[in-house]
file run_24.pdb (PDB, C-alpha atoms and all ligand atoms)
ATOM      1  CA  MET U 165     187.810 117.382 -28.667  1.00  0.00           C
ATOM      2  CA  TRP U 166     187.614 119.310 -31.951  1.00  0.00           C
ATOM      3  CA  GLU U 167     189.435 116.602 -33.903  1.00  0.00           C
ATOM      4  CA  THR U 168     186.437 114.302 -33.617  1.00  0.00           C
ATOM      5  CA  GLY U 169     184.010 117.082 -34.556  1.00  0.00           C
ATOM      6  CA  ASN U 170     182.216 117.316 -37.874  1.00  0.00           C
ATOM      7  CA  GLY U 171     184.051 120.436 -38.980  1.00  0.00           C
ATOM      8  CA  CYS U 172     187.406 118.698 -39.307  1.00  0.00           C
ATOM      9  CA  PRO U 173     188.014 116.874 -42.580  1.00  0.00           C
ATOM     10  CA  ASP U 174     190.023 113.737 -41.977  1.00  0.00           C
ATOM     11  CA  ILE U 175     193.416 113.306 -43.554  1.00  0.00           C
ATOM     12  CA  ALA U 176     192.501 110.234 -45.557  1.00  0.00           C
ATOM     13  CA  SER U 177     189.669 111.901 -47.437  1.00  0.00           C
ATOM     14  CA  LEU U 178     191.744 115.020 -48.018  1.00  0.00           C
ATOM     15  CA  SER U 179     194.570 113.134 -49.696  1.00  0.00           C
ATOM     16  CA  ALA U 180     192.071 111.108 -51.709  1.00  0.00           C
ATOM     17  CA  LEU U 181     190.569 114.388 -52.839  1.00  0.00           C
ATOM     18  CA  SER U 182     193.905 115.843 -53.887  1.00  0.00           C
ATOM     19  CA  GLU U 183     194.697 112.664 -55.797  1.00  0.00           C
ATOM     20  CA  VAL U 184     191.466 113.046 -57.716  1.00  0.00           C
ATOM     21  CA  PHE U 185     192.153 116.697 -58.453  1.00  0.00           C
ATOM     22  CA  GLY U 186     195.789 115.983 -59.241  1.00  0.00           C
ATOM     23  CA  THR U 187     194.781 113.486 -61.886  1.00  0.00           C
ATOM     24  CA  ASP U 188     192.147 115.696 -63.444  1.00  0.00           C
ATOM     25  CA  ILE U 189     194.357 118.759 -63.536  1.00  0.00           C
ATOM     26  CA  GLY U 190     197.196 116.706 -65.006  1.00  0.00           C
ATOM     27  CA  VAL U 191     195.024 115.406 -67.821  1.00  0.00           C
ATOM     28  CA  LEU U 192     193.525 118.838 -68.397  1.00  0.00           C
ATOM     29  CA  LEU U 193     196.911 120.553 -68.643  1.00  0.00           C
ATOM     30  CA  SER U 194     198.212 117.969 -71.061  1.00  0.00           C
ATOM     31  CA  GLY U 195     195.227 118.623 -73.289  1.00  0.00           C
ATOM     32  CA  GLY U 196     193.952 115.179 -72.461  1.00  0.00           C
ATOM     33  CA  ILE U 197     195.032 113.763 -75.797  1.00  0.00           C
ATOM     34  CA  ASP U 198     195.597 110.028 -76.260  1.00  0.00           C
ATOM     35  CA  LYS U 199     198.727 108.746 -74.501  1.00  0.00           C
ATOM     36  CA  LYS U 200     197.948 110.229 -71.086  1.00  0.00           C
ATOM     37  CA  GLU U 201     194.763 108.236 -70.949  1.00  0.00           C
ATOM     38  CA  THR U 202     196.251 104.940 -70.014  1.00  0.00           C
ATOM     39  CA  GLU U 203     195.707 105.987 -66.416  1.00  0.00           C
ATOM     40  CA  LYS U 204     193.445 103.428 -64.888  1.00  0.00           C
ATOM     41  CA  GLY U 205     189.854 104.362 -64.236  1.00  0.00           C
ATOM     42  CA  ASN U 206     189.767 107.429 -66.426  1.00  0.00           C
ATOM     43  CA  MET U 207     188.453 105.615 -69.464  1.00  0.00           C
ATOM     44  CA  LYS U 208     184.862 105.600 -68.272  1.00  0.00           C
ATOM     45  CA  LYS U 209     184.874 109.370 -68.630  1.00  0.00           C
ATOM     46  CA  LEU U 210     186.384 109.267 -72.102  1.00  0.00           C
ATOM     47  CA  LYS U 211     184.834 111.778 -74.469  1.00  0.00           C
ATOM     48  CA  PHE U 212     184.985 111.796 -78.241  1.00  0.00           C
ATOM     49  CA  TYR U 213     185.390 114.824 -80.463  1.00  0.00           C
ATOM     50  CA  VAL U 214     185.087 114.583 -84.240  1.00  0.00           C
ATOM     51  CA  CYS U 215     186.032 117.374 -86.634  1.00  0.00           C
ATOM     52  CA  SER U 216     183.439 117.467 -89.410  1.00  0.00           C
ATOM     53  CA  THR U 217     185.866 119.277 -91.721  1.00  0.00           C
ATOM     54  CA  CYS U 218     188.883 116.942 -91.705  1.00  0.00           C
ATOM     55  CA  GLY U 219     187.478 113.895 -89.917  1.00  0.00           C
ATOM     56  CA  ASN U 220     190.043 114.082 -87.124  1.00  0.00           C
ATOM     57  CA  ILE U 221     189.144 112.014 -84.055  1.00  0.00           C
ATOM     58  CA  ILE U 222     190.225 113.348 -80.681  1.00  0.00           C
ATOM     59  CA  THR U 223     189.612 111.756 -77.295  1.00  0.00           C
ATOM     60  CA  ALA U 224     189.852 113.356 -73.864  1.00  0.00           C
ATOM     61  CA  THR U 225     188.997 112.307 -70.336  1.00  0.00           C
ATOM     62  CA  SER U 226     188.158 115.845 -69.218  1.00  0.00           C
ATOM     63  CA  ASP U 227     186.270 118.763 -70.659  1.00  0.00           C
ATOM     64  CA  ALA U 228     189.215 120.003 -72.653  1.00  0.00           C
ATOM     65  CA  ASP U 229     189.305 122.895 -75.079  1.00  0.00           C
ATOM     66  CA  ILE U 230     189.548 121.050 -78.379  1.00  0.00           C
ATOM     67  CA  THR U 231     189.876 122.971 -81.615  1.00  0.00           C
ATOM     68  CA  CYS U 232     190.445 121.624 -85.106  1.00  0.00           C
ATOM     69  CA  CYS U 233     190.381 123.367 -88.476  1.00  0.00           C
ATOM     70  CA  GLY U 234     189.855 126.664 -86.669  1.00  0.00           C
ATOM     71  CA  ARG U 235     186.703 125.570 -84.912  1.00  0.00           C
ATOM     72  CA  ARG U 236     185.990 124.550 -81.343  1.00  0.00           C
ATOM     73  CA  LEU U 237     184.674 120.995 -81.094  1.00  0.00           C
ATOM     74  CA  GLY U 238     182.054 119.878 -78.620  1.00  0.00           C
ATOM     75  CA  ALA U 239     182.126 116.434 -76.992  1.00  0.00           C
ATOM     76  CA  LEU U 240     179.771 114.012 -78.708  1.00  0.00           C
ATOM     77  CA  GLU U 241     177.068 112.220 -76.772  1.00  0.00           C
ATOM     78  CA  ALA U 242     177.056 108.490 -77.554  1.00  0.00           C
ATOM     79  CA  LYS U 243     173.691 106.801 -78.083  1.00  0.00           C
ATOM     80  CA  LYS U 244     173.227 103.189 -77.060  1.00  0.00           C
ATOM     81  CA  ALA U 245     172.948 101.170 -80.250  1.00  0.00           C
ATOM     82  CA  ASP U 246     169.750  99.178 -80.638  1.00  0.00           C
ATOM     83  CA  GLU U 247     169.780  95.626 -81.996  1.00  0.00           C
ATOM     84  CA  SER U 248     169.623  96.713 -85.647  1.00  0.00           C
ATOM     85  CA  GLU U 249     172.433  99.253 -85.217  1.00  0.00           C
ATOM     86  CA  LYS U 250     174.850  97.070 -83.280  1.00  0.00           C
ATOM     87  CA  LEU U 251     178.080  95.941 -84.854  1.00  0.00           C
ATOM     88  CA  SER U 252     178.484  92.216 -85.220  1.00  0.00           C
ATOM     89  CA  VAL U 253     180.935  90.831 -82.655  1.00  0.00           C
ATOM     90  CA  GLN U 254     182.294  87.292 -82.928  1.00  0.00           C
ATOM     91  CA  ASP U 255     184.692  85.493 -80.649  1.00  0.00           C
ATOM     92  CA  ILE U 256     187.094  83.813 -83.053  1.00  0.00           C
ATOM     93  CA  GLY U 257     189.224  82.122 -80.423  1.00  0.00           C
ATOM     94  CA  GLY U 258     191.197  84.595 -78.358  1.00  0.00           C
ATOM     95  CA  GLU U 259     190.282  87.481 -80.613  1.00  0.00           C
ATOM     96  CA  LEU U 260     187.211  89.486 -81.436  1.00  0.00           C
ATOM     97  CA  PHE U 261     186.114  89.932 -85.007  1.00  0.00           C
ATOM     98  CA  ILE U 262     184.043  93.088 -85.496  1.00  0.00           C
ATOM     99  CA  SER U 263     182.100  93.631 -88.690  1.00  0.00           C
ATOM    100  CA  SER U 264     179.039  95.470 -89.914  1.00  0.00           C
ATOM    101  CA  ASP U 265     176.866  95.763 -92.990  1.00  0.00           C
ATOM    102  CA  HIS U 266     176.481  99.471 -92.313  1.00  0.00           C
ATOM    103  CA  PRO U 267     176.970 101.555 -95.514  1.00  0.00           C
ATOM    104  CA  MET U 268     180.597 102.475 -96.196  1.00  0.00           C
ATOM    105  CA  THR U 269     180.183 105.047 -98.952  1.00  0.00           C
ATOM    106  CA  LYS U 270     181.934 108.421 -99.000  1.00  0.00           C
ATOM    107  CA  GLU U 271     178.672 110.111 -98.025  1.00  0.00           C
ATOM    108  CA  HIS U 272     177.698 107.731 -95.272  1.00  0.00           C
ATOM    109  CA  TYR U 273     180.167 105.540 -93.411  1.00  0.00           C
ATOM    110  CA  ILE U 274     181.618 104.661 -90.048  1.00  0.00           C
ATOM    111  CA  THR U 275     184.776 106.744 -89.572  1.00  0.00           C
ATOM    112  CA  PHE U 276     186.144 104.866 -86.581  1.00  0.00           C
ATOM    113  CA  VAL U 277     185.452 102.112 -84.096  1.00  0.00           C
ATOM    114  CA  ALA U 278     187.020 102.435 -80.666  1.00  0.00           C
ATOM    115  CA  TYR U 279     187.434  99.776 -78.055  1.00  0.00           C
ATOM    116  CA  VAL U 280     187.209 101.357 -74.598  1.00  0.00           C
ATOM    117  CA  SER U 281     187.967  99.571 -71.331  1.00  0.00           C
ATOM    118  CA  ASP U 282     188.784 100.693 -67.808  1.00  0.00           C
ATOM    119  CA  ALA U 283     192.444 100.969 -68.597  1.00  0.00           C
ATOM    120  CA  SER U 284     192.784 101.802 -72.254  1.00  0.00           C
ATOM    121  CA  ALA U 285     191.176 103.038 -75.417  1.00  0.00           C
ATOM    122  CA  THR U 286     192.104 101.903 -78.893  1.00  0.00           C
ATOM    123  CA  VAL U 287     190.804 103.665 -81.970  1.00  0.00           C
ATOM    124  CA  PHE U 288     190.490 101.767 -85.253  1.00  0.00           C
ATOM    125  CA  LYS U 289     190.141 104.267 -88.062  1.00  0.00           C
ATOM    126  CA  GLN U 290     187.875 103.217 -90.927  1.00  0.00           C
ATOM    127  CA  TYR U 291     187.753 104.297 -94.556  1.00  0.00           C
ATOM    128  CA  PRO U 292     184.901 104.564 -97.059  1.00  0.00           C
ATOM    129  CA  GLU U 293     184.650 101.852 -99.702  1.00  0.00           C
ATOM    130  CA  TRP U 294     186.409  99.421 -97.394  1.00  0.00           C
ATOM    131  CA  GLY U 295     184.261  96.904 -95.593  1.00  0.00           C
ATOM    132  CA  LEU U 296     184.201  97.327 -91.848  1.00  0.00           C
ATOM    133  CA  GLN U 297     186.268  94.443 -90.485  1.00  0.00           C
ATOM    134  CA  ILE U 298     188.371  94.692 -87.349  1.00  0.00           C
ATOM    135  CA  THR U 299     190.201  92.034 -85.396  1.00  0.00           C
ATOM    136  CA  MET U 300     191.159  92.946 -81.845  1.00  0.00           C
ATOM    137  CA  PRO U 301     192.312  91.081 -78.754  1.00  0.00           C
ATOM    138  CA  LEU U 302     189.568  89.569 -76.636  1.00  0.00           C
ATOM    139  CA  TYR U 303     189.283  91.673 -73.504  1.00  0.00           C
ATOM    140  CA  ARG U 304     187.400  90.836 -70.357  1.00  0.00           C
ATOM    141  CA  TRP U 305     185.252  93.915 -70.280  1.00  0.00           C
ATOM    142  CA  GLY U 306     184.707  96.935 -72.429  1.00  0.00           C
ATOM    143  CA  LYS U 307     182.537  98.704 -74.879  1.00  0.00           C
ATOM    144  CA  LEU U 308     182.685  99.648 -78.514  1.00  0.00           C
ATOM    145  CA  VAL U 309     182.177 103.255 -79.545  1.00  0.00           C
ATOM    146  CA  TRP U 310     181.822 104.192 -83.190  1.00  0.00           C
ATOM    147  CA  TYR U 311     180.933 107.185 -85.280  1.00  0.00           C
ATOM    148  CA  CYS U 312     178.661 107.303 -88.312  1.00  0.00           C
ATOM    149  CA  THR U 313     178.896 110.377 -90.547  1.00  0.00           C
ATOM    150  CA  GLU U 314     175.097 110.591 -90.725  1.00  0.00           C
ATOM    151  CA  HIS U 315     173.873 109.268 -87.411  1.00  0.00           C
ATOM    152  CA  GLY U 316     176.565 110.249 -84.944  1.00  0.00           C
ATOM    153  CA  LEU U 317     178.215 108.455 -82.059  1.00  0.00           C
ATOM    154  CA  PHE U 318     177.013 105.056 -80.821  1.00  0.00           C
ATOM    155  CA  TYR U 319     178.155 102.575 -78.221  1.00  0.00           C
ATOM    156  CA  GLN U 320     177.503  98.988 -77.303  1.00  0.00           C
ATOM    157  CA  ASP U 321     178.723  96.943 -74.367  1.00  0.00           C
ATOM    158  CA  LEU U 322     180.802  93.881 -75.044  1.00  0.00           C
TER     159      LEU U 322
HETATM  160 ZN    ZN R   1     189.852 119.306 -88.495  1.00  0.00          ZN
HETATM  161 ZN    ZN R   2     174.866 105.376 -90.420  1.00  0.00          ZN
END
call {"tool": "encode", "arguments": {"input": "run_24.pdb", "output": "structure tokens"}}
result
Amino acid sequence: MWETGNGCPDIASLSALSEVFGTDIGVLLSGGIDKKETEKGNMKKLKFYVCSTCGNIITATSDADITCCGRRLGALEAKKADESEKLSVQDIGGELFISSDHPMTKEHYITFVAYVSDASATVFKQYPEWGLQITMPLYRWGKLVWYCTEHGLFYQDL
């Protein structure tokens, strides 16, 4: 009766396992850049890489080898924004209006705001000397992730 013994992995868990690995390997091989990441469920693992030289923003759902401007980039760790750091989020009837009075000077500004949900990630690039104002569709669940040139990566739940 070996098939009921502990040593025999059951078929269901094996195929589940290979699905998990299949997905991860697929994303890894593709470099994990943007487009591929519409795969459901992967977004929670989304990592952000920012090149301090050119300001490039790269996202990946796996620990990918990301280089930009000749340097290897490490994934940034997002801090949970406290009340004073949070972006202002208003429901303006079917859409969200995001704004902030955070400085937007060349030396100190928010370079991007990303909306991240289970199924997708959308990056809104920001520019110094422009006020931070974003209008995006109202989603059911998600979080905002943004990057300040002085203080790093932050997130807040919506
Ligand atoms: Zn770069
Ligand atoms: Zn700042």
call {"tool": "residues_near_ligand", "arguments": {"input": "run_24.pdb", "ligand": "ligand ZN 1 (chain R)", "cutoff": "6 Å", "atoms": "all atoms listed in the file", "output": "list in words"}}
result
Cys215, Thr217, Cys218, Asn220, Cys232 and Cys233 of chain U
call {"tool": "write_last_selection", "arguments": {"input": "run_24.pdb", "atoms": "C-alpha atoms", "output": "PDB file, in the coordinates of the input"}}
result
ATOM      1  CA  CYS U 215     186.032 117.374 -86.634  1.00  0.00           C
ATOM      2  CA  THR U 217     185.866 119.277 -91.721  1.00  0.00           C
ATOM      3  CA  CYS U 218     188.883 116.942 -91.705  1.00  0.00           C
ATOM      4  CA  ASN U 220     190.043 114.082 -87.124  1.00  0.00           C
ATOM      5  CA  CYS U 232     190.445 121.624 -85.106  1.00  0.00           C
ATOM      6  CA  CYS U 233     190.381 123.367 -88.476  1.00  0.00           C
TER       7      CYS U 233
END
call {"tool": "residues_near_ligand", "arguments": {"input": "run_24.pdb", "ligand": "ligand ZN 2 (chain R)", "cutoff": "7 Å", "atoms": "all atoms listed in the file", "output": "ChimeraX atom specification"}}
result
/U:266-267,272-274,312-315
call {"tool": "residues_around", "arguments": {"input": "run_24.pdb", "residues": "region 293-305 of chain U", "least_positions_apart": "2", "cutoff": "12 Å", "atoms": "all atoms listed in the file", "output": "ChimeraX atom specification"}}
result
/U:208,251-291,307-308,310,312,320-322
call {"tool": "resolve_selection", "arguments": {"input": "run_24.pdb", "expression": "the PyMOL selection byres (((chain U and resi 210) around 9) and not hetatm)", "output": "list in words"}}
result
Glu201, Asn206, Met207, Lys208, Lys209, Lys211, Phe212, Thr223, Ala224, Thr225, Ser226, Val280 and Ala285 of chain U
call {"tool": "write_last_selection", "arguments": {"input": "run_24.pdb", "atoms": "C-alpha atoms", "output": "short mmCIF file (atom, residue, chain, number, x, y, z; two decimals), in the frame of the given file"}}
result
data_model
loop_
_atom_site.label_atom_id
_atom_site.label_comp_id
_atom_site.auth_asym_id
_atom_site.auth_seq_id
_atom_site.Cartn_x
_atom_site.Cartn_y
_atom_site.Cartn_z
CA GLU U 201 194.76 108.24 -70.95
CA ASN U 206 189.77 107.43 -66.43
CA MET U 207 188.45 105.62 -69.46
CA LYS U 208 184.86 105.60 -68.27
CA LYS U 209 184.87 109.37 -68.63
CA LYS U 211 184.83 111.78 -74.47
CA PHE U 212 184.98 111.80 -78.24
CA THR U 223 189.61 111.76 -77.30
CA ALA U 224 189.85 113.36 -73.86
CA THR U 225 189.00 112.31 -70.34
CA SER U 226 188.16 115.84 -69.22
CA VAL U 280 187.21 101.36 -74.60
CA ALA U 285 191.18 103.04 -75.42
#
call {"tool": "resolve_selection", "arguments": {"input": "run_24.pdb", "expression": "the PyMOL selection byres (((chain U and resi 240-242) around 6) and not hetatm)", "output": "list in words"}}
result
Phe212, Tyr213, Ala239, Lys243, Leu317 and Phe318 of chain U
call {"tool": "atom_distance", "arguments": {"input": "run_24.pdb", "atom1": "CA of Val309 (chain U)", "atom2": "CA of Arg235 (chain U)"}}
result
23.4 Å
call {"tool": "atom_distance", "arguments": {"input": "run_24.pdb", "atom1": "CA of Lys250 (chain U)", "atom2": "CA of Tyr311 (chain U)"}}
result
12.0 Å
call {"tool": "atom_distance", "arguments": {"input": "run_24.pdb", "atom1": "CA of Glu247 (chain U)", "atom2": "CA of Val214 (chain U)"}}
result
24.5 Å
call {"tool": "axis_aligned_box", "arguments": {"input": "run_24.pdb", "around": "region 250-254 of chain U", "padding_each_side": "4 Å", "output": "AutoDock Vina command-line options"}}
result
--center_x 178.6 --center_y 92.2 --center_z -83.9 --size_x 15.4 --size_y 17.8 --size_z 10.6
